[in-house]
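Trainee: Here it is, the structure, as structure tokens.
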Amino acid sequence: MHSRSMPLRICAWLAFWPLLTSAATEPARLPYDLIYQIQKTEATLGAKFTNLYMYLGMSSTLPQVGLRDLAVYIDANEGRIPVAINQTNGTFTVPMRDGLLAERPLIVVNQPKGTMNLEWYVGLRVSDIPTNSTHYGQLMRPLKDLEVIRNEMRKIPGSPDLEIYGLKMIYAPDKEASVVIHASGGERVLKTDETHSLVVPYDPALLAEDPFVSIPIPPLRVDVANPPASK
């Protein structure tokens, strides 16, 4: 097996869900305790997976509303606690305080009902990407790590579920490429499509069999594949 060292950021957006509001005339809100539990899970997983990237972000669904237009604060008994929003990608963190957790305040955004998205980003960086042949289980190791992470996320009430679909290999536009899974039931040949990419599915049966996978041409980048639009 030949391999090369290549930093790879495998990422997945864990769905979108609207910020909570109580009336159309009131600003968007979401519970502080939910964000607290997400950040606590991030810290726990970050200690276990040193190559892990996790962060929360928010954005408006309105095209005329940019990140610079967002003003966010925790509506605490002690007063408004500002929450800084990164002006590049909308990421943010809240202070982790036991007193606030017991108080259970709301996080308020200066935008109306139904116009905000909360996004949870998960990323893994791996190296030594196989470029000739490898076992299926080794190729899928980053997604196996994501499966552990998903199980931890499921412990948070109301958190979105992470669907693990496969690895998306992205190639240069001037090259046609293929990956072959040498399974016992027959070879599965995966070819690049019009987007110059192909998807190696995350399959429990293939994990159990652990066949060889041929990768004649190394991809430029590998991402977590999104489920098909029809799903």
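Every chain in the structure tokens takes a letter, A first, then B, and so on in the order presented; its residues are numbered from 1, and the ligands are numbered from 1 following the presented order.
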So which bits of segment 33-212 of chain A end up alpha helix (DSSP H) when you DSSP the backbone, as a CSV table (one decimal) with C-alpha atoms, in the first residue's frame?

Mentor:
chain,number,residue,atom,x,y,z
A,33,ASP,CA,-29.0,25.5,28.3
A,34,LEU,CA,-29.1,23.9,24.8
A,35,ILE,CA,-26.0,25.9,23.7
A,36,TYR,CA,-24.3,25.1,27.1
A,37,GLN,CA,-24.8,21.4,26.5
A,38,ILE,CA,-23.5,21.6,23.0
A,39,GLN,CA,-20.4,23.4,24.0
A,40,LYS,CA,-19.9,21.0,26.9
A,41,THR,CA,-20.1,18.1,24.4
A,42,GLU,CA,-17.6,19.9,22.1
A,43,ALA,CA,-15.1,20.1,25.0
A,44,THR,CA,-15.5,16.4,25.9
A,45,LEU,CA,-15.2,15.2,22.3
A,46,GLY,CA,-12.3,17.6,21.7
A,47,ALA,CA,-10.3,16.1,24.5
A,48,LYS,CA,-10.9,12.6,23.0
A,98,ASP,CA,-23.3,27.1,36.3
A,99,GLY,CA,-25.3,30.1,37.5
A,100,LEU,CA,-26.6,30.8,34.0
A,101,LEU,CA,-27.3,27.1,33.5
A,102,ALA,CA,-29.5,27.1,36.7
A,103,GLU,CA,-31.2,30.3,35.6
A,136,TYR,CA,-12.3,-0.3,3.4
A,137,GLY,CA,-12.2,0.0,7.2
A,138,GLN,CA,-9.1,2.1,7.1
A,139,LEU,CA,-10.5,4.4,4.5
A,141,ARG,CA,-11.9,5.4,9.8
A,142,PRO,CA,-12.8,9.2,9.9
A,143,LEU,CA,-16.5,8.3,9.4
A,144,LYS,CA,-16.2,5.7,12.2
A,145,ASP,CA,-14.9,8.5,14.4
A,146,LEU,CA,-17.9,10.6,13.3
A,147,GLU,CA,-20.2,7.8,14.3
A,148,VAL,CA,-18.8,7.9,17.9
A,149,ILE,CA,-19.3,11.7,17.8
A,150,ARG,CA,-22.9,11.3,16.6
A,151,ASN,CA,-23.7,9.0,19.5
A,152,GLU,CA,-22.5,11.6,21.9
A,153,MET,CA,-24.5,14.3,20.2
A,204,PRO,CA,-21.9,-1.5,7.6
A,205,ALA,CA,-21.8,-4.7,5.5
A,206,LEU,CA,-18.6,-3.5,3.9
A,207,LEU,CA,-17.1,-2.5,7.2
A,208,ALA,CA,-17.7,-6.1,8.4
A,209,GLU,CA,-16.2,-7.6,5.3

Trainee: Can you pull out the residues contacting Arg221 of chain A? Cut-off 8 Å, using only C-alpha atoms, and skip same-chain residues under 2 positions away; I want them as a list in words.

Mentor: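 In the requested form, the answer reads Leu8, Met169, Ile170, Tyr171, Pro219 and Asp223 of chain A.
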
Trainee: How would the residues just picked look written out with N, CA and C atoms as an mmCIF file, in the first residue's frame?

Mentor:
data_model
loop_
_atom_site.group_PDB
_atom_site.id
_atom_site.type_symbol
_atom_site.label_atom_id
_atom_site.label_comp_id
_atom_site.auth_asym_id
_atom_site.auth_seq_id
_atom_site.Cartn_x
_atom_site.Cartn_y
_atom_site.Cartn_z
ATOM 1 N N LEU A 8 -6.332 16.744 5.749
ATOM 2 C CA LEU A 8 -7.676 16.588 5.181
ATOM 3 C C LEU A 8 -8.691 17.018 6.208
ATOM 4 N N MET A 169 -15.003 12.018 -2.800
ATOM 5 C CA MET A 169 -13.673 12.273 -3.329
ATOM 6 C C MET A 169 -13.772 13.215 -4.516
ATOM 7 N N ILE A 170 -13.055 14.310 -4.443
ATOM 8 C CA ILE A 170 -13.133 15.363 -5.452
ATOM 9 C C ILE A 170 -11.822 15.404 -6.237
ATOM 10 N N TYR A 171 -11.939 15.378 -7.569
ATOM 11 C CA TYR A 171 -10.778 15.304 -8.456
ATOM 12 C C TYR A 171 -10.653 16.560 -9.317
ATOM 13 N N PRO A 219 -7.365 11.782 -4.875
ATOM 14 C CA PRO A 219 -8.252 12.939 -5.027
ATOM 15 C C PRO A 219 -7.588 14.217 -4.542
ATOM 16 N N ASP A 223 -14.360 14.998 1.278
ATOM 17 C CA ASP A 223 -15.328 15.567 2.212
ATOM 18 C C ASP A 223 -16.293 14.484 2.673
#

Trainee: Could you write out, as an MDAnalysis selection string, all the residues of segment 104-219 of chain A that DSSP marks as strand (DSSP E or B)?

Mentor: chainID A and resid 106:112 116:126 129:130 133:135 166:170 178:183 186:191 197:201 212:214
